[in-house]
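To keep things clear, I will list the structure first and then write my remarks on it.
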Amino acid sequence: MALFLCLLLIFIFPSSKAQGPPSPGYWPSSRVGSIGFDQGFKNLWGPENQNVDQGSLTIWLDKNSGSGFKSYDPYQSGYFGAAVKLHPGYTAGVITCLYLSNNEAHPGHHDEVDIEFLGTTPDKPYVLQTNVYIQGSGDGHLIGREMKFHLWFDPTQDFHNYVILWNPSEIIFYVDDVPIRRYPRKSDATFPLRPMWVYGSIWDASSWATEGGKYKADYEYQPFIGRYRDFKLGGCKASSGPTSCGPPWSQPSGPRGLSSQQYAAMDWVQRNYKVYDYCSDPSRDHTLIPEC
């Protein structure tokens with residue numbers, strides 16, 4: 001009888017975690033129109049592992065190559081995103097990503113803002129890793145600012161919207177308009193200030209991607225496929241004046257921060273689905289991450 005009552009209560013009063021996050025009360029994606037892949041991007045590498053169909057993009061990784069793409073223009077700030085559907089099953093060692101970077105303009109000393117899906121084994125969920133690099137790569141001083149999450153849905157079953165909002169005072173990561181992380185500008189030394197391009201790719205990162213490299217990419221399961229559509233480039237092009245910027249919140253004079261309702265939604269995500277925060281990692285040298 002006790003078991004029956006417990007099951008009945010669960011059915012009648014399901015947990016808030018099972019229901020998904022509380023409404024953020026604001027949907028910034030509605031302020032930026034979707035574009036097709038060819039309207040804003042071009043192939044960067046692995047053209048043989050890339051297909052564009054009616055503005056949607058499919059890229060894949062096999063034993064011969066992965067694939068990547070890049071925006072035509074660099075941006076100084078803005079709202080950048082896409083709807084992405086991930087590969088199911090065994091994807092250990094495989095990275096599918098959408099990110100901002102200026103590595104080609106500043107090799108070895110670049111800025112980067114990442115949304116990376118870390119491949120996994122079939123018995124475990126995907127990890128969404130957000131990351132920020134400031135003026136440093138390939139010089140022995142790579143300082144990442146990782147925050148990792150599981151998701152409240154299966155990202156292999158359907159397309160979901162993933163977004164980086166970057167303006168002069170903050171970086172906000174969104175999933176389906178729910179903010180999951182806010183990275184504020186606390187000093188010029190810990191915030192990306194130089195123009196960046198928008199990139200995406202799928203590639204083999206077996207050395208670290210899945211549980212620190214414990215599980216590697218297994219090409220018996222190839223090809224590993226990433227699907228992208230509904231691209232959004234609501235930004236200020238680096239070569240343009242403020243009149244050709246995107247929505248107001250991507251401009252220096254635009255609104256900042258999150259509402260109390262958005263903070264409540266973000267807090268729910270972080271309480272229930274955050275699995276790593278670099279600021280809470282005792283193994284990190286905190287003199288190198290003063291914003292913590």
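Scheme for the structure tokens: letters A, B, ... for chains in order shown; per-chain residue numbers from 1; ligand numbers from 1 in order shown.
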
May I have a table of the residues of region 35-123 of chain A lying at most 10 Å from region 186-193 of chain A, giving each one's closest pair of atoms and their distance in Å to one decimal, counting only C-alpha atoms, ordered by chain and ascending residue number, as JSON lines?
{"residue": "A:Gln76", "atom": "CA", "partner": "A:Leu193", "partner_atom": "CA", "distance": 7.6}
{"residue": "A:Ser77", "atom": "CA", "partner": "A:Leu193", "partner_atom": "CA", "distance": 8.8}
{"residue": "A:Ser101", "atom": "CA", "partner": "A:Pro192", "partner_atom": "CA", "distance": 9.6}
{"residue": "A:Asn102", "atom": "CA", "partner": "A:Pro192", "partner_atom": "CA", "distance": 9.9}
{"residue": "A:His110", "atom": "CA", "partner": "A:Pro192", "partner_atom": "CA", "distance": 9.0}
{"residue": "A:Asp111", "atom": "CA", "partner": "A:Pro192", "partner_atom": "CA", "distance": 5.8}
{"residue": "A:Glu112", "atom": "CA", "partner": "A:Pro192", "partner_atom": "CA", "distance": 7.5}
{"residue": "A:Val113", "atom": "CA", "partner": "A:Pro192", "partner_atom": "CA", "distance": 8.4}

Would you mind exporting the chosen residues as a PDB file, in the first residue's frame, restricted to N, CA and C atoms?
ATOM      1  N   GLN A  76      31.739  42.153 -33.260  1.00  0.00           N
ATOM      2  CA  GLN A  76      32.226  42.778 -32.040  1.00  0.00           C
ATOM      3  C   GLN A  76      31.361  42.418 -30.837  1.00  0.00           C
ATOM      4  N   SER A  77      30.109  42.079 -31.100  1.00  0.00           N
ATOM      5  CA  SER A  77      29.181  41.633 -30.059  1.00  0.00           C
ATOM      6  C   SER A  77      27.946  41.099 -30.748  1.00  0.00           C
ATOM      7  N   SER A 101      35.413  32.722 -31.871  1.00  0.00           N
ATOM      8  CA  SER A 101      36.867  32.689 -31.733  1.00  0.00           C
ATOM      9  C   SER A 101      37.508  33.715 -32.654  1.00  0.00           C
ATOM     10  N   ASN A 102      38.714  34.157 -32.273  1.00  0.00           N
ATOM     11  CA  ASN A 102      39.539  34.970 -33.162  1.00  0.00           C
ATOM     12  C   ASN A 102      40.929  34.343 -33.307  1.00  0.00           C
ATOM     13  N   HIS A 110      44.581  33.962 -28.484  1.00  0.00           N
ATOM     14  CA  HIS A 110      43.238  34.278 -28.941  1.00  0.00           C
ATOM     15  C   HIS A 110      42.204  34.248 -27.823  1.00  0.00           C
ATOM     16  N   ASP A 111      41.008  34.755 -28.142  1.00  0.00           N
ATOM     17  CA  ASP A 111      39.829  34.684 -27.279  1.00  0.00           C
ATOM     18  C   ASP A 111      38.880  33.646 -27.867  1.00  0.00           C
ATOM     19  N   GLU A 112      38.059  33.055 -26.986  1.00  0.00           N
ATOM     20  CA  GLU A 112      37.119  32.037 -27.465  1.00  0.00           C
ATOM     21  C   GLU A 112      35.983  31.886 -26.468  1.00  0.00           C
ATOM     22  N   VAL A 113      34.788  31.691 -26.989  1.00  0.00           N
ATOM     23  CA  VAL A 113      33.595  31.428 -26.172  1.00  0.00           C
ATOM     24  C   VAL A 113      32.920  30.203 -26.767  1.00  0.00           C
TER      25      VAL A 113
END

| request: Could you give me, as a count of residues only, each residue of region 115-245 of chain A that DSSP assigns to helix (DSSP H, G or I) when run on this structure's backbone? | output: 12

Find the spatial neighbours of Tyr79 (chain A), counting only C-alpha atoms, within a cut-off of 12 Å - ignore same-chain residues fewer than 6 positions away - and output them as a PDB file with N, CA and C atoms, in the first residue's frame.
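After the write, selection_29.pdb holds the following:
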ATOM      1  N   PRO A  28      14.440  35.780 -25.961  1.00  0.00           N
ATOM      2  CA  PRO A  28      15.255  36.613 -26.859  1.00  0.00           C
ATOM      3  C   PRO A  28      15.358  36.074 -28.274  1.00  0.00           C
ATOM      4  N   SER A  29      15.167  34.770 -28.462  1.00  0.00           N
ATOM      5  CA  SER A  29      15.260  34.211 -29.814  1.00  0.00           C
ATOM      6  C   SER A  29      14.209  34.808 -30.747  1.00  0.00           C
ATOM      7  N   SER A  30      13.103  35.286 -30.183  1.00  0.00           N
ATOM      8  CA  SER A  30      12.049  35.865 -31.012  1.00  0.00           C
ATOM      9  C   SER A  30      12.461  37.201 -31.607  1.00  0.00           C
ATOM     10  N   ARG A  31      13.563  37.766 -31.125  1.00  0.00           N
ATOM     11  CA  ARG A  31      14.002  39.072 -31.597  1.00  0.00           C
ATOM     12  C   ARG A  31      15.056  38.975 -32.702  1.00  0.00           C
ATOM     13  N   VAL A  32      15.448  37.752 -33.042  1.00  0.00           N
ATOM     14  CA  VAL A  32      16.454  37.559 -34.084  1.00  0.00           C
ATOM     15  C   VAL A  32      15.918  36.549 -35.084  1.00  0.00           C
ATOM     16  N   GLY A  33      15.832  36.926 -36.337  1.00  0.00           N
ATOM     17  CA  GLY A  33      15.321  36.032 -37.353  1.00  0.00           C
ATOM     18  C   GLY A  33      16.310  34.935 -37.715  1.00  0.00           C
ATOM     19  N   SER A  34      15.801  33.791 -38.126  1.00  0.00           N
ATOM     20  CA  SER A  34      16.644  32.686 -38.559  1.00  0.00           C
ATOM     21  C   SER A  34      17.124  32.913 -39.985  1.00  0.00           C
ATOM     22  N   TYR A  99      30.775  27.975 -31.561  1.00  0.00           N
ATOM     23  CA  TYR A  99      31.620  28.818 -30.707  1.00  0.00           C
ATOM     24  C   TYR A  99      32.047  30.093 -31.420  1.00  0.00           C
ATOM     25  N   LEU A 100      32.551  31.038 -30.640  1.00  0.00           N
ATOM     26  CA  LEU A 100      33.142  32.275 -31.133  1.00  0.00           C
ATOM     27  C   LEU A 100      34.643  32.193 -30.926  1.00  0.00           C
ATOM     28  N   TYR A 162      20.583  26.617 -29.156  1.00  0.00           N
ATOM     29  CA  TYR A 162      21.725  26.896 -28.291  1.00  0.00           C
ATOM     30  C   TYR A 162      22.323  28.234 -28.724  1.00  0.00           C
ATOM     31  N   VAL A 163      22.557  29.112 -27.771  1.00  0.00           N
ATOM     32  CA  VAL A 163      22.891  30.499 -28.102  1.00  0.00           C
ATOM     33  C   VAL A 163      23.974  31.042 -27.183  1.00  0.00           C
ATOM     34  N   ILE A 164      24.850  31.858 -27.770  1.00  0.00           N
ATOM     35  CA  ILE A 164      25.794  32.685 -27.022  1.00  0.00           C
ATOM     36  C   ILE A 164      25.402  34.139 -27.247  1.00  0.00           C
ATOM     37  N   LEU A 165      25.084  34.853 -26.172  1.00  0.00           N
ATOM     38  CA  LEU A 165      24.878  36.295 -26.224  1.00  0.00           C
ATOM     39  C   LEU A 165      26.129  36.957 -25.652  1.00  0.00           C
ATOM     40  N   TRP A 166      26.785  37.759 -26.469  1.00  0.00           N
ATOM     41  CA  TRP A 166      28.029  38.427 -26.062  1.00  0.00           C
ATOM     42  C   TRP A 166      27.863  39.921 -26.284  1.00  0.00           C
ATOM     43  N   ASN A 167      27.886  40.683 -25.210  1.00  0.00           N
ATOM     44  CA  ASN A 167      27.864  42.130 -25.344  1.00  0.00           C
ATOM     45  C   ASN A 167      28.982  42.723 -24.487  1.00  0.00           C
ATOM     46  N   GLU A 170      28.819  41.361 -20.644  1.00  0.00           N
ATOM     47  CA  GLU A 170      28.519  40.009 -20.171  1.00  0.00           C
ATOM     48  C   GLU A 170      28.450  39.031 -21.325  1.00  0.00           C
ATOM     49  N   ILE A 171      28.531  37.747 -20.964  1.00  0.00           N
ATOM     50  CA  ILE A 171      28.263  36.652 -21.888  1.00  0.00           C
ATOM     51  C   ILE A 171      27.196  35.790 -21.227  1.00  0.00           C
ATOM     52  N   ILE A 172      26.132  35.491 -21.965  1.00  0.00           N
ATOM     53  CA  ILE A 172      25.057  34.645 -21.436  1.00  0.00           C
ATOM     54  C   ILE A 172      24.867  33.469 -22.396  1.00  0.00           C
ATOM     55  N   PHE A 173      24.831  32.277 -21.837  1.00  0.00           N
ATOM     56  CA  PHE A 173      24.579  31.059 -22.614  1.00  0.00           C
ATOM     57  C   PHE A 173      23.115  30.656 -22.417  1.00  0.00           C
ATOM     58  N   TYR A 174      22.436  30.384 -23.520  1.00  0.00           N
ATOM     59  CA  TYR A 174      21.022  30.002 -23.477  1.00  0.00           C
ATOM     60  C   TYR A 174      20.813  28.633 -24.103  1.00  0.00           C
ATOM     61  N   ASP A 177      16.094  29.388 -24.967  1.00  0.00           N
ATOM     62  CA  ASP A 177      15.778  30.670 -24.326  1.00  0.00           C
ATOM     63  C   ASP A 177      15.917  30.652 -22.805  1.00  0.00           C
ATOM     64  N   VAL A 198      32.098  33.402 -35.845  1.00  0.00           N
ATOM     65  CA  VAL A 198      31.265  32.310 -35.348  1.00  0.00           C
ATOM     66  C   VAL A 198      31.672  31.038 -36.085  1.00  0.00           C
ATOM     67  N   PHE A 231      19.981  29.111 -38.111  1.00  0.00           N
ATOM     68  CA  PHE A 231      21.129  29.909 -37.656  1.00  0.00           C
ATOM     69  C   PHE A 231      20.686  31.338 -37.348  1.00  0.00           C
ATOM     70  N   LYS A 232      21.317  31.916 -36.320  1.00  0.00           N
ATOM     71  CA  LYS A 232      21.002  33.292 -35.934  1.00  0.00           C
ATOM     72  C   LYS A 232      22.303  34.075 -35.767  1.00  0.00           C
ATOM     73  N   LEU A 233      22.386  35.188 -36.501  1.00  0.00           N
ATOM     74  CA  LEU A 233      23.535  36.082 -36.412  1.00  0.00           C
ATOM     75  C   LEU A 233      23.003  37.490 -36.157  1.00  0.00           C
ATOM     76  N   GLY A 234      22.688  37.784 -34.918  1.00  0.00           N
ATOM     77  CA  GLY A 234      22.160  39.101 -34.553  1.00  0.00           C
ATOM     78  C   GLY A 234      23.237  39.942 -33.914  1.00  0.00           C
ATOM     79  N   GLY A 235      24.263  40.278 -34.685  1.00  0.00           N
ATOM     80  CA  GLY A 235      25.419  40.914 -34.070  1.00  0.00           C
ATOM     81  C   GLY A 235      25.857  42.189 -34.730  1.00  0.00           C
ATOM     82  N   CYS A 236      26.863  42.822 -34.106  1.00  0.00           N
ATOM     83  CA  CYS A 236      27.497  44.013 -34.641  1.00  0.00           C
ATOM     84  C   CYS A 236      28.746  43.586 -35.395  1.00  0.00           C
ATOM     85  N   LYS A 237      28.714  43.702 -36.720  1.00  0.00           N
ATOM     86  CA  LYS A 237      29.886  43.347 -37.492  1.00  0.00           C
ATOM     87  C   LYS A 237      31.043  44.278 -37.131  1.00  0.00           C
ATOM     88  N   CYS A 245      24.166  47.235 -36.388  1.00  0.00           N
ATOM     89  CA  CYS A 245      24.211  46.203 -35.354  1.00  0.00           C
ATOM     90  C   CYS A 245      22.891  45.443 -35.319  1.00  0.00           C
ATOM     91  N   GLY A 246      22.897  44.400 -34.488  1.00  0.00           N
ATOM     92  CA  GLY A 246      21.703  43.603 -34.306  1.00  0.00           C
ATOM     93  C   GLY A 246      20.754  44.246 -33.311  1.00  0.00           C
ATOM     94  N   PRO A 247      19.980  43.436 -32.568  1.00  0.00           N
ATOM     95  CA  PRO A 247      19.017  43.958 -31.603  1.00  0.00           C
ATOM     96  C   PRO A 247      19.679  44.838 -30.554  1.00  0.00           C
ATOM     97  N   PRO A 248      18.897  45.670 -29.875  1.00  0.00           N
ATOM     98  CA  PRO A 248      19.477  46.642 -28.937  1.00  0.00           C
ATOM     99  C   PRO A 248      20.385  46.028 -27.879  1.00  0.00           C
ATOM    100  N   TRP A 249      20.057  44.818 -27.390  1.00  0.00           N
ATOM    101  CA  TRP A 249      20.876  44.269 -26.317  1.00  0.00           C
ATOM    102  C   TRP A 249      22.216  43.746 -26.792  1.00  0.00           C
ATOM    103  N   SER A 250      22.503  43.793 -28.104  1.00  0.00           N
ATOM    104  CA  SER A 250      23.829  43.437 -28.583  1.00  0.00           C
ATOM    105  C   SER A 250      24.698  44.667 -28.792  1.00  0.00           C
ATOM    106  N   GLN A 251      24.153  45.851 -28.542  1.00  0.00           N
ATOM    107  CA  GLN A 251      24.872  47.093 -28.739  1.00  0.00           C
ATOM    108  C   GLN A 251      25.381  47.635 -27.399  1.00  0.00           C
TER     109      GLN A 251
END

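Atom pair CA of Lys124 (chain A) / CA of Trp152 (chain A) has a distance of 13.2 Å (rounded to one decimal).
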
| Quick one: DSSP strand (DSSP E) residues in region 74-173 of chain A, as a ChimeraX atom specification? | /A:75-85,94-101,112-118,127-133,147-149,160-167,170-173

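Going from CA of His160 (chain A) over to CA of Gly200 (chain A), you cover 15.4 Å.
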
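Among the candidates A:Gln50, A:Glu291, A:Gly93, A:Asp62, the one nearest to Cys279 (chain A) when counting only C-alpha atoms is A:Glu291.
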
| For Trp203 (chain A), which residue among A:Tyr219, A:Phe224, A:Phe80, A:Tyr126 is the nearest when counting only C-alpha atoms? | A:Phe224

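Among the candidates A:Ser169, A:Thr130, A:Ser201, A:Thr156, the residue lying nearest to Gly46 (chain A) is A:Ser201 (atoms considered: only C-alpha atoms).
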
| query | Mind pulling up the distance from CA of Asn131 (chain A) to CA of Pro47 (chain A)? | reply | 26.7 Å

| field | Near-region 264-271 of chain A list (9 Å; only C-alpha atoms; drop same-chain fewer than 2 positions) as a VMD selection string | value | chain A and resid 17 20 to 24 149 151 to 152 178 to 182 259 to 262 273 to 275
